[in-house]
Each structure stands twice: as C-alpha cells, then as structure tokens.
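See below for run.txt, which holds compact mmCIF, C-alpha atoms.
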```txt
# COMPACT_ATOMS: atom_id res chain seq x y z
CA MET A 1 26.12 -23.19 -179.36
CA VAL A 2 26.08 -24.01 -175.65
CA GLN A 3 25.71 -21.04 -173.31
CA PRO A 4 25.57 -20.93 -169.51
CA PRO A 5 22.11 -20.27 -168.11
CA PRO A 6 21.51 -16.56 -167.41
CA ILE A 7 21.28 -15.04 -163.95
CA GLU A 8 17.72 -15.79 -162.93
CA SER A 9 17.75 -17.97 -159.82
CA GLU A 10 17.98 -16.80 -156.22
CA ASP A 11 21.48 -18.28 -155.97
CA ASP A 12 22.62 -16.34 -159.03
CA ALA A 13 21.11 -13.12 -157.69
CA ALA A 14 22.89 -13.67 -154.38
CA ALA A 15 26.17 -14.23 -156.22
CA ALA A 16 25.68 -10.97 -158.12
CA ASN A 17 24.97 -9.11 -154.88
CA ASN A 18 28.07 -10.61 -153.28
CA LEU A 19 30.12 -9.45 -156.27
CA VAL A 20 28.91 -5.86 -155.85
CA ASP A 21 29.56 -5.94 -152.12
CA ALA A 22 33.06 -7.38 -152.61
CA CYS A 23 33.99 -4.75 -155.21
CA ASN A 24 32.76 -1.97 -152.94
CA ARG A 25 34.96 -3.30 -150.14
CA ILE A 26 37.91 -3.52 -152.54
CA ARG A 27 37.34 0.09 -153.61
CA GLU A 28 37.25 1.12 -149.95
CA GLN A 29 40.56 -0.59 -149.22
CA VAL A 30 42.27 0.85 -152.29
CA GLY A 31 40.92 4.28 -151.39
CA ARG A 32 42.73 4.07 -148.06
CA VAL A 33 46.04 4.07 -149.95
CA VAL A 34 45.41 5.62 -153.38
CA VAL A 35 43.84 9.06 -153.78
CA GLY A 36 41.32 9.45 -156.61
CA GLN A 37 41.63 7.49 -159.89
CA ASP A 38 38.12 6.10 -159.40
CA ASP A 39 37.56 5.48 -163.12
CA VAL A 40 40.87 3.67 -163.46
CA ILE A 41 40.16 1.48 -160.44
CA GLU A 42 36.73 0.62 -161.83
CA GLN A 43 38.22 -0.37 -165.18
CA LEU A 44 40.79 -2.55 -163.41
CA LEU A 45 38.01 -4.25 -161.45
CA ILE A 46 36.01 -4.81 -164.63
CA ALA A 47 39.05 -6.34 -166.32
CA ILE A 48 39.65 -8.66 -163.38
CA LEU A 49 35.99 -9.74 -163.31
CA ALA A 50 36.11 -10.34 -167.07
CA ARG A 51 39.32 -12.40 -166.70
CA GLY A 52 41.30 -9.90 -168.76
CA HIS A 53 44.60 -8.05 -168.65
CA CYS A 54 45.19 -4.29 -168.60
CA LEU A 55 47.69 -1.93 -170.20
CA LEU A 56 48.06 1.22 -168.09
CA GLU A 57 49.45 4.31 -169.75
CA GLY A 58 50.38 7.43 -167.82
CA VAL A 59 53.24 9.72 -166.95
CA PRO A 60 55.47 8.81 -163.99
CA GLY A 61 54.24 9.52 -160.48
CA LEU A 62 50.53 8.75 -160.90
CA ALA A 63 50.58 5.79 -158.47
CA LYS A 64 50.14 3.11 -161.13
CA THR A 65 52.42 0.66 -159.33
CA LEU A 66 50.91 1.50 -155.93
CA MET A 67 47.42 1.00 -157.31
CA VAL A 68 48.17 -2.45 -158.69
CA ARG A 69 49.99 -3.56 -155.56
CA THR A 70 47.12 -2.36 -153.35
CA LEU A 71 44.57 -4.18 -155.51
CA ALA A 72 46.54 -7.40 -155.08
CA GLU A 73 46.68 -6.90 -151.31
CA SER A 74 42.95 -6.26 -151.04
CA MET A 75 42.26 -9.46 -153.01
CA ASP A 76 44.83 -11.50 -151.10
CA LEU A 77 46.59 -12.39 -154.37
CA MET A 78 50.26 -13.23 -154.81
CA PHE A 79 51.90 -10.17 -156.38
CA ARG A 80 55.15 -9.74 -158.27
CA ARG A 81 56.64 -6.84 -160.17
CA ILE A 82 59.03 -7.05 -163.12
CA GLN A 83 60.95 -3.92 -164.14
CA PHE A 84 61.31 -4.25 -167.90
CA THR A 85 64.70 -3.12 -169.22
CA PRO A 86 66.47 -3.41 -172.61
CA ASP A 87 68.66 -6.27 -171.36
CA LEU A 88 65.83 -8.33 -169.87
CA MET A 89 65.70 -11.85 -171.34
CA PRO A 90 62.64 -14.12 -171.79
CA GLY A 91 64.03 -16.54 -169.22
CA ASP A 92 64.14 -13.73 -166.67
CA ILE A 93 60.34 -13.68 -166.88
CA THR A 94 59.29 -17.28 -167.41
CA GLY A 95 62.15 -19.04 -165.67
CA THR A 96 65.02 -21.22 -166.82
CA GLU A 97 66.47 -24.69 -166.39
CA ILE A 98 69.46 -25.02 -164.10
CA ILE A 99 71.71 -27.99 -163.36
CA GLN A 100 71.31 -29.29 -159.84
CA GLU A 101 73.62 -31.91 -158.33
CA ASP A 102 72.55 -34.38 -155.64
CA PRO A 103 75.17 -34.00 -152.85
CA GLN A 104 74.83 -37.67 -151.87
CA THR A 105 74.85 -39.42 -155.25
CA GLY A 106 76.56 -36.79 -157.35
CA HIS A 107 73.83 -37.25 -159.95
CA ARG A 108 73.07 -34.13 -161.98
CA GLN A 109 69.75 -33.19 -163.46
CA PHE A 110 68.02 -30.18 -164.95
CA ILE A 111 65.58 -28.42 -162.62
CA PHE A 112 63.18 -25.74 -163.85
CA GLU A 113 63.59 -22.61 -161.77
CA ARG A 114 60.30 -20.73 -162.01
CA GLY A 115 60.43 -17.06 -162.92
CA PRO A 116 58.41 -14.15 -161.52
CA ILE A 117 55.57 -14.80 -163.95
CA PHE A 118 54.46 -17.61 -161.62
CA THR A 119 52.23 -15.39 -159.55
CA GLN A 120 48.61 -14.28 -159.58
CA MET A 121 48.92 -10.57 -160.27
CA LEU A 122 51.94 -9.58 -162.33
CA LEU A 123 52.94 -5.96 -162.79
CA ALA A 124 54.95 -5.59 -165.99
CA ASP A 125 56.45 -2.17 -165.34
CA GLU A 126 57.40 -0.12 -168.43
CA ILE A 127 56.75 -3.04 -170.75
CA ASN A 128 57.74 -0.99 -173.79
CA ARG A 129 61.35 -0.70 -172.56
CA THR A 130 62.22 -4.29 -173.45
CA PRO A 131 62.72 -5.80 -176.94
CA PRO A 132 59.88 -7.67 -178.72
CA LYS A 133 61.50 -11.05 -178.06
CA THR A 134 61.15 -10.52 -174.32
CA GLN A 135 57.71 -8.92 -174.64
CA ALA A 136 56.59 -12.06 -176.48
CA ALA A 137 57.48 -14.17 -173.44
CA LEU A 138 54.21 -12.94 -171.93
CA LEU A 139 52.02 -14.00 -174.86
CA GLU A 140 51.43 -17.63 -173.90
CA ALA A 141 50.98 -16.77 -170.24
CA MET A 142 48.41 -14.07 -171.02
CA GLN A 143 46.43 -16.19 -173.45
CA GLU A 144 46.76 -19.72 -172.07
CA HIS A 145 47.61 -19.01 -168.42
CA ALA A 146 50.52 -21.40 -168.85
CA VAL A 147 54.26 -21.37 -169.52
CA THR A 148 56.11 -23.84 -171.75
CA ALA A 149 59.79 -24.48 -171.06
CA ALA A 150 61.98 -27.28 -172.43
CA GLY A 151 58.93 -28.95 -173.94
CA LYS A 152 57.00 -29.06 -170.68
CA THR A 153 53.95 -26.94 -169.89
CA TYR A 154 53.46 -25.44 -166.44
CA ARG A 155 50.06 -24.10 -165.42
CA LEU A 156 49.87 -20.75 -163.66
CA ASP A 157 47.91 -20.27 -160.45
CA GLU A 158 44.40 -18.92 -160.89
CA PRO A 159 43.28 -16.22 -160.97
CA PHE A 160 46.08 -14.74 -163.08
CA PHE A 161 46.31 -11.17 -164.35
CA VAL A 162 48.94 -9.13 -166.16
CA LEU A 163 48.80 -5.39 -165.54
CA ALA A 164 51.41 -3.64 -167.68
CA THR A 165 52.46 0.01 -167.61
CA GLN A 166 54.04 2.20 -170.23
CA ASN A 167 55.23 5.80 -170.28
CA PRO A 168 53.66 7.87 -173.10
CA ILE A 169 56.20 10.71 -173.05
CA GLU A 170 59.54 8.93 -173.29
CA GLN A 171 60.01 7.28 -176.69
CA GLU A 172 63.79 7.05 -176.91
CA GLY A 173 65.02 3.55 -176.20
CA THR A 174 61.52 2.05 -176.21
CA TYR A 175 59.97 -0.76 -178.25
CA PRO A 176 56.29 -0.23 -179.09
CA LEU A 177 54.19 -3.30 -178.37
CA PRO A 178 53.36 -5.32 -181.51
CA GLU A 179 49.68 -5.37 -182.50
CA ALA A 180 49.39 -9.08 -181.61
CA GLN A 181 50.60 -8.36 -178.08
CA ARG A 182 48.40 -5.28 -177.59
CA ASP A 183 45.38 -7.32 -178.66
CA ARG A 184 45.91 -9.62 -175.66
CA PHE A 185 45.01 -6.77 -173.30
CA LEU A 186 41.34 -6.32 -172.52
CA PHE A 187 41.74 -2.62 -171.73
CA HIS A 188 44.16 0.13 -172.61
CA VAL A 189 43.59 2.42 -169.64
CA VAL A 190 44.77 6.03 -169.70
CA VAL A 191 45.79 7.22 -166.23
CA ASP A 192 45.31 10.98 -166.02
CA TYR A 193 46.51 13.64 -163.58
CA PRO A 194 44.60 14.03 -160.30
CA THR A 195 42.43 17.07 -159.61
CA ARG A 196 43.83 19.97 -157.58
CA GLU A 197 42.00 18.79 -154.45
CA GLN A 198 43.22 15.22 -154.91
CA GLU A 199 46.78 16.38 -155.49
CA GLY A 200 46.57 18.39 -152.29
CA GLU A 201 45.53 15.29 -150.38
CA ILE A 202 48.37 13.33 -151.98
CA VAL A 203 50.82 15.96 -150.75
CA ASP A 204 49.36 15.81 -147.23
CA ARG A 205 49.57 12.01 -147.11
CA THR A 206 53.06 11.66 -148.52
CA THR A 207 54.73 14.48 -146.57
CA SER A 208 53.43 13.58 -143.12
CA THR A 209 53.37 10.61 -140.80
CA PHE A 210 50.23 9.26 -142.47
CA ASN A 211 50.51 5.54 -143.11
CA ALA A 212 47.80 3.25 -144.42
CA ALA A 213 47.66 -0.28 -145.77
CA ALA A 214 44.96 -2.30 -147.47
CA ASP A 215 43.42 -5.33 -145.80
CA ALA A 216 42.49 -8.46 -147.73
CA VAL A 217 38.71 -8.46 -148.13
CA VAL A 218 38.28 -11.22 -150.76
CA GLY A 219 40.29 -14.22 -151.88
CA GLY A 220 41.28 -15.85 -155.14
CA ALA A 221 38.54 -18.47 -154.94
CA GLU A 222 35.93 -15.74 -154.65
CA ILE A 223 37.36 -13.89 -157.65
CA LEU A 224 37.04 -17.06 -159.73
CA GLN A 225 33.41 -17.39 -158.65
CA TYR A 226 32.73 -13.76 -159.61
CA GLN A 227 34.27 -14.38 -163.03
CA ARG A 228 31.86 -17.26 -163.58
CA THR A 229 28.96 -15.07 -162.46
CA VAL A 230 29.89 -12.40 -165.02
CA ARG A 231 29.65 -14.91 -167.86
CA ARG A 232 26.10 -15.82 -166.80
CA VAL A 233 24.83 -12.29 -167.43
CA PRO A 234 22.50 -12.41 -170.45
CA LEU A 235 23.32 -10.39 -173.56
CA PRO A 236 20.28 -8.80 -175.26
CA GLN A 237 20.23 -9.21 -179.02
CA HIS A 238 20.08 -5.46 -179.69
CA VAL A 239 23.24 -4.91 -177.60
CA LYS A 240 25.01 -7.73 -179.41
CA ASP A 241 24.00 -6.17 -182.73
CA TRP A 242 25.36 -2.78 -181.62
CA VAL A 243 28.72 -4.32 -180.69
CA LEU A 244 29.04 -6.23 -183.97
CA ASP A 245 27.98 -3.26 -186.10
CA ALA A 246 30.26 -0.81 -184.27
CA VAL A 247 33.38 -3.00 -184.28
CA ARG A 248 32.97 -4.04 -187.90
CA ALA A 249 32.36 -0.41 -188.90
CA LEU A 250 35.97 0.38 -187.92
CA ARG A 251 37.43 -2.08 -190.44
CA PRO A 252 38.43 -0.25 -193.63
CA ASP A 253 38.04 -3.39 -195.75
CA ASP A 254 34.45 -3.97 -194.61
CA GLU A 255 31.96 -3.32 -197.40
CA ASN A 256 29.66 -1.37 -195.06
CA CYS A 257 32.25 0.96 -193.53
CA LYS A 258 31.98 4.72 -194.00
CA PRO A 259 34.35 6.65 -196.30
CA TRP A 260 36.00 8.37 -193.33
CA VAL A 261 37.02 4.96 -191.96
CA LYS A 262 38.76 4.04 -195.21
CA ASN A 263 40.60 7.35 -195.09
CA LEU A 264 41.55 7.43 -191.41
CA VAL A 265 41.90 3.78 -190.32
CA GLU A 266 44.76 1.58 -191.54
CA TRP A 267 43.79 -1.50 -189.51
CA GLY A 268 40.63 -2.07 -187.52
CA PRO A 269 39.85 -4.20 -184.47
CA GLY A 270 39.51 -7.97 -184.77
CA PRO A 271 36.91 -10.35 -183.31
CA ARG A 272 38.60 -10.30 -179.90
CA ALA A 273 37.46 -6.69 -179.57
CA SER A 274 33.81 -7.77 -179.84
CA GLN A 275 34.32 -10.59 -177.35
CA GLN A 276 36.02 -8.45 -174.75
CA LEU A 277 33.69 -5.50 -175.20
CA VAL A 278 30.80 -7.81 -174.32
CA LEU A 279 32.60 -9.36 -171.35
CA GLY A 280 33.59 -5.96 -170.00
CA ALA A 281 30.03 -4.70 -170.42
CA LYS A 282 28.67 -7.70 -168.51
CA ALA A 283 31.02 -6.97 -165.60
CA ARG A 284 30.12 -3.27 -165.67
CA ALA A 285 26.42 -4.09 -165.59
CA LEU A 286 26.84 -6.25 -162.49
CA LEU A 287 28.92 -3.57 -160.76
CA ARG A 288 25.96 -1.25 -161.22
CA GLY A 289 23.52 -3.74 -159.78
CA ARG A 290 21.95 -4.77 -163.08
CA PRO A 291 21.60 -8.41 -164.22
CA HIS A 292 21.57 -7.38 -167.88
CA VAL A 293 23.75 -5.43 -170.31
CA THR A 294 22.74 -2.14 -171.90
CA ILE A 295 24.14 -0.26 -174.87
CA ASP A 296 25.37 2.38 -172.43
CA ASP A 297 27.64 -0.27 -170.88
CA VAL A 298 29.36 -1.06 -174.17
CA GLN A 299 29.58 2.61 -175.18
CA LYS A 300 31.25 3.55 -171.89
CA LEU A 301 33.89 0.84 -172.41
CA ALA A 302 34.44 1.41 -176.13
CA HIS A 303 37.49 3.64 -175.64
CA PRO A 304 39.55 1.39 -173.32
CA VAL A 305 38.63 -1.73 -175.34
CA LEU A 306 39.25 -0.31 -178.83
CA ARG A 307 41.98 2.34 -178.50
CA HIS A 308 44.83 -0.18 -178.70
CA ARG A 309 43.25 -2.20 -181.49
CA ILE A 310 43.06 0.54 -184.13
CA VAL A 311 45.95 1.68 -186.31
CA PRO A 312 45.30 5.13 -187.79
CA THR A 313 46.49 6.08 -191.26
CA PHE A 314 49.23 8.61 -191.96
CA ALA A 315 46.51 11.02 -193.08
CA ALA A 316 44.84 10.80 -189.67
CA GLU A 317 48.12 11.36 -187.84
CA ALA A 318 49.03 14.26 -190.11
CA ASP A 319 45.71 15.93 -189.31
CA GLY A 320 46.18 15.39 -185.57
CA ILE A 321 43.27 12.94 -185.36
CA THR A 322 43.76 10.51 -182.48
CA VAL A 323 42.41 7.01 -182.07
CA ASP A 324 40.15 8.29 -179.29
CA ASP A 325 38.73 10.83 -181.75
CA LEU A 326 37.88 8.00 -184.14
CA ILE A 327 36.14 6.00 -181.42
CA THR A 328 34.17 9.05 -180.27
CA ARG A 329 33.00 9.63 -183.84
CA LEU A 330 32.00 5.98 -184.14
CA ILE A 331 29.90 6.17 -180.95
CA LYS A 332 28.15 9.33 -182.14
CA GLU A 333 27.30 7.74 -185.48
CA HIS A 334 25.94 4.67 -183.71
CA ALA A 335 24.04 6.64 -181.09
CA VAL A 336 20.83 5.09 -179.81
CA ALA A 337 17.91 7.10 -178.49
CA PRO A 338 17.57 6.65 -174.70
CA ALA A 339 14.78 4.36 -173.61
CA LYS A 340 11.67 5.97 -172.19
CA VAL A 341 11.29 5.69 -168.43
CA LEU A 342 7.98 3.99 -167.66
```
What would the structure in this file look like if it were written as structure tokens?
Amino acid sequence: MVQPPPIESEDDAAAANNLVDACNRIREQVGRVVVGQDDVIEQLLIAILARGHCLLEGVPGLAKTLMVRTLAESMDLMFRRIQFTPDLMPGDITGTEIIQEDPQTGHRQFIFERGPIFTQMLLADEINRTPPKTQAALLEAMQEHAVTAAGKTYRLDEPFFVLATQNPIEQEGTYPLPEAQRDRFLFHVVVDYPTREQEGEIVDRTTSTFNAAADAVVGGAEILQYQRTVRRVPLPQHVKDWVLDAVRALRPDDENCKPWVKNLVEWGPGPRASQQLVLGAKARALLRGRPHVTIDDVQKLAHPVLRHRIVPTFAAEADGITVDDLITRLIKEHAVAPAKVL
C-alpha cells in the first residue's frame, strides 16, 4: 500500500502553518457577516480541507445560505445556489443538450448547455424537497467530480463542494435522502439556534444600516494544496484501531457487536465512515496546530460523520432513542483514558 510521506520536513510544516493561518483568516471574514455558529463553520472548514461534502440541517432563518455564500466569497470560489423543488428535473441541475443552428450555414447540431452544478461551491437548498430521481443527479458529481451527459463526461472545476440544506420540521411534501446519497456526505451538521447574546447582535445588524461583506483571503489553488497537506498527516496505529473498532461496533451483523446494537441499530455505517472519520480528524488536527491525529479528534467528529449513516430500529424510535444517543453511548463504551502530561 503506497502512502504519501508524513508531515516531517520544513516545507510540510510551513504548509501546515499556512493552512492554519488561512483558516483563521477565513473565520475572520465569515465572522464579519455571520454571527456565531463557530462549531458549524469549523465543521464546514474541516469538510472542505478533507475534500468532502456537507449536509446542513436546521430550521429556517439560521443563516445557512448566508454562511455558505460567505465561505465561497472568502475563498474566492465560484458559487451557485439551486432551490430544490418537487418539479425540478435532473437536467435542471446537470445541464441539457439543445439544438443550435449556424446562422450562416443553417447546419444544426446539439450543444451541451451546462447546468448550475458546473461551479466550485454548490448550495443545494432544501435538497429533500425534490424527488429521488433529481437527488440522484448529484451522485456522480459528488463522488467523481464529473457529469456525464449524452455519453460524454465533463469534468468539474476543482475544488468542488456540495453543501446541501434540509429543514427538519417540515416533512409534508418532502423526499428523505436515500441511504446511498446520504453516505456521500462527509458530515451531517446540525445547525442550532444562536445564544441570546448572539441573537441580540443579529437583530442589531439586520435592523440597522450595518453592512458587511467578506473579502477573498485564499484561492482555489491554495485550497487544493491544503487538501494535499491534510492527507500527509500521519495516522497513529492506536487511533486507526479506535476508528475501526468503533465503526464496526455499530454494525448489528458484526460478530463482536454488543447486544444493544443488535436491538437498536437496523443498519450500521459502511467503510466510507471509517475513511471520512480519519480524513476529518486529520484536518481537525491541523486546524489545532498538531501534525498528528489523536483519539480526541475522531471522537469529536463522530457525531457529524456517523449520524447520517446509522438507521435505528423501530424499537429505538419507539423508545425515543435518537441516532445521536447511540453515537454518544458508543463513544462512552470506547472511552480511552487521557494521556499523562509529562
């Protein structure tokens, strides 16, 4: 198995320092426009550094769209937003072939008209409001960073991210994302209400003449370099073992799973959960100025990585046990004693 060399040279250390500095500047720019939501912004940054996509869930009015748009502006990335509706068709996302006639020769030919997915940061707003056929139009783009139309494959510009939102309180007229589609998202991020102080500041900003905009502080080429730096972070064997043991422990058909898993979990997370938990932990470690991953990194990201990859049983739902409850129990059962400070 060929692996990239770990971060150990002066050049690698400089790249890691540049990554931290760039993310701090991005946070500063986003903070000029968006009040609070520090944890959400950090998880979005981690997903971007890990070359992953995010599913944002929160009630209306929590600045999800504003947050994504501001992130794109601070990274100088091309941004497009698609409002998902029940009548949206796959071609409305990927593009479609149209007949174009040459005015001089009269010759007609099919021309591929690119859809809004040809961008760098795509906001799929209320993704659960469109039927599965249209939701599936994103699958190839999210996995392969490419779109196939009429037998021809078109590459998307890099870096490319899909940040999708869904409303947790309105279920009528919605189409829950299939498990295969949810698994394509690195994180399922829950956007919560702001604190009282933060909400007060939001009121002050939005009911006065206050006006702020984010400046571009990094570019797409730099983001690609940071993504490569993340993959060079070494993974200690004991952290890898923790990830494998924890993820496999949530599979009810695994011979080593606990009885409560068999009773409360219908389907557990697949191998992509282990992969993305490690990648997210590597990005988190760098953001905290460490060139190595700790178990704390993977534990802190367990909820956003696993919550959309677990299907609870009817018994769990009947008892009011949530997926987050299951993940919390898993972490407690796989707790590791903190290392002694020398």
Could the residues of segment 236-275 of chain A that have an atom at most 9 Å from segment 327-334 of chain A be listed as JSON lines, each with its closest atom pair and the distance in Å to one decimal, counting only C-alpha atoms and ordered by chain and ascending residue number?
```
{"residue": "A:Trp242", "atom": "CA", "partner": "A:His334", "partner_atom": "CA", "distance": 7.8}
{"residue": "A:Asp245", "atom": "CA", "partner": "A:His334", "partner_atom": "CA", "distance": 8.5}
{"residue": "A:Ala246", "atom": "CA", "partner": "A:His334", "partner_atom": "CA", "distance": 7.0}
{"residue": "A:Ala249", "atom": "CA", "partner": "A:Leu330", "partner_atom": "CA", "distance": 8.0}
{"residue": "A:Leu250", "atom": "CA", "partner": "A:Leu330", "partner_atom": "CA", "distance": 7.8}
```
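Counting from atom CA of Glu28 of chain A, the distance to atom CA of Ala302 of chain A is 26.3 Å.
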(request) Compile the contact shell of Glu179 of chain A as a PyMOL selection string: residues with an atom at most 12 Å away, counting only C-alpha atoms, same-chain residues fewer than 3 positions apart removed. (result) chain A and resi 132+135-136+139+176+182-185+267-270+307-311
Considering all atoms listed in the file, tabulate each residue of segment 157-262 of chain A that lies at most 7 Å from segment 75-87 of chain A along with its nearest interatomic pair and the corresponding distance in Å to one decimal; arrange the rows by chain and ascending residue number and present them as CSV.
```
residue,atom,partner,partner_atom,distance
A:Ala216,CA,A:Asp76,CA,5.1
A:Val217,CA,A:Met75,CA,6.1
A:Val218,CA,A:Met75,CA,4.9
A:Gly219,CA,A:Met75,CA,5.3
A:Gly220,CA,A:Leu77,CA,6.4
```
Keeping C-alpha atoms, export the residues of the selection given above as an mmCIF file, in the coordinates of the input.
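Result file follows (out.cif):
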```cif
data_model
loop_
_atom_site.group_PDB
_atom_site.id
_atom_site.type_symbol
_atom_site.label_atom_id
_atom_site.label_comp_id
_atom_site.auth_asym_id
_atom_site.auth_seq_id
_atom_site.Cartn_x
_atom_site.Cartn_y
_atom_site.Cartn_z
ATOM 1 C CA ALA A 216 42.490 -8.460 -147.730
ATOM 2 C CA VAL A 217 38.710 -8.460 -148.130
ATOM 3 C CA VAL A 218 38.280 -11.220 -150.760
ATOM 4 C CA GLY A 219 40.290 -14.220 -151.880
ATOM 5 C CA GLY A 220 41.280 -15.850 -155.140
#
```
(request) Would you please work out which residue, of A:Glu113, A:Glu197, A:Asp192, A:Glu57, is nearest to Asn128 of chain A when using only C-alpha atoms? (result)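 Among A:Glu113, A:Glu197, A:Asp192, A:Glu57, it is A:Glu57 that comes nearest to Asn128 of chain A.
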(request) Could you tell me how far atom CA of Thr153 of chain A lies from atom CA of Lys133 of chain A, in Å and to one decimal? (result)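 Rounded to one decimal, the two atoms are 19.4 Å apart.
Remark: for Leu45 of chain A, the closest of the candidate residues A:Gln104, A:Gln227, A:Thr313, A:Gln276 is A:Gln227 (distances computed over only C-alpha atoms).
Straight-line separation from atom CA of Gly61 of chain A to atom CA of Ala164 of chain A: 15.3 Å.
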Residues near segment 294-301 of chain A, cut-off 9 Å, only C-alpha atoms, skip fewer than 3 positions along chain, as a PDB file with C-alpha atoms, in the coordinates of the input:
```pdb
ATOM      1  CA  GLN A  43      38.220  -0.370-165.180  1.00  0.00           C
ATOM      2  CA  PHE A 187      41.740  -2.620-171.730  1.00  0.00           C
ATOM      3  CA  LEU A 235      23.320 -10.390-173.560  1.00  0.00           C
ATOM      4  CA  PRO A 236      20.280  -8.800-175.260  1.00  0.00           C
ATOM      5  CA  HIS A 238      20.080  -5.460-179.690  1.00  0.00           C
ATOM      6  CA  VAL A 239      23.240  -4.910-177.600  1.00  0.00           C
ATOM      7  CA  LYS A 240      25.010  -7.730-179.410  1.00  0.00           C
ATOM      8  CA  TRP A 242      25.360  -2.780-181.620  1.00  0.00           C
ATOM      9  CA  VAL A 243      28.720  -4.320-180.690  1.00  0.00           C
ATOM     10  CA  LEU A 277      33.690  -5.500-175.200  1.00  0.00           C
ATOM     11  CA  VAL A 278      30.800  -7.810-174.320  1.00  0.00           C
ATOM     12  CA  GLY A 280      33.590  -5.960-170.000  1.00  0.00           C
ATOM     13  CA  ALA A 281      30.030  -4.700-170.420  1.00  0.00           C
ATOM     14  CA  LYS A 282      28.670  -7.700-168.510  1.00  0.00           C
ATOM     15  CA  ARG A 284      30.120  -3.270-165.670  1.00  0.00           C
ATOM     16  CA  ALA A 285      26.420  -4.090-165.590  1.00  0.00           C
ATOM     17  CA  PRO A 304      39.550   1.390-173.320  1.00  0.00           C
ATOM     18  CA  VAL A 305      38.630  -1.730-175.340  1.00  0.00           C
ATOM     19  CA  LEU A 306      39.250  -0.310-178.830  1.00  0.00           C
ATOM     20  CA  ILE A 331      29.900   6.170-180.950  1.00  0.00           C
ATOM     21  CA  VAL A 336      20.830   5.090-179.810  1.00  0.00           C
TER      22      VAL A 336
END
```
(request) Rank nothing, just name the residue among A:Thr105, A:Val59, A:Leu44, A:Val190 nearest to Met121 of chain A, using all atoms listed in the file. (result)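 Of A:Thr105, A:Val59, A:Leu44, A:Val190, the one nearest Met121 of chain A is A:Leu44, counting all atoms listed in the file.
The shortest atom-to-atom distance to Gln275 of chain A, with only C-alpha atoms taken into account, belongs to A:Arg231 out of A:His292, A:Lys258, A:Arg27, A:Arg231.
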Give, as JSON, the centre coordinates and the x, y and z edge lengths in Å to one decimal for an axis-aligned box around all listed atoms of segment 80-92 of chain A, padded by 5 Å on each side.
```
{"center_x": 61.9, "center_y": -9.8, "center_z": -165.4, "size_x": 23.5, "size_y": 23.4, "size_z": 24.3}
```
(message) Just checking: using all atoms listed in the file, which residue out of A:Val162, A:Ile117, A:Glu97, A:Thr134 ends up closest to Ala146 of chain A?
(response)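 Ranked by minimum distance to Ala146 of chain A, first place goes to A:Ile117.
Distances from A:Ile99, A:Leu286, A:Leu264, A:Leu88 to Ala14 of chain A were compared using all atoms listed in the file, and the smallest one belongs to A:Leu286.
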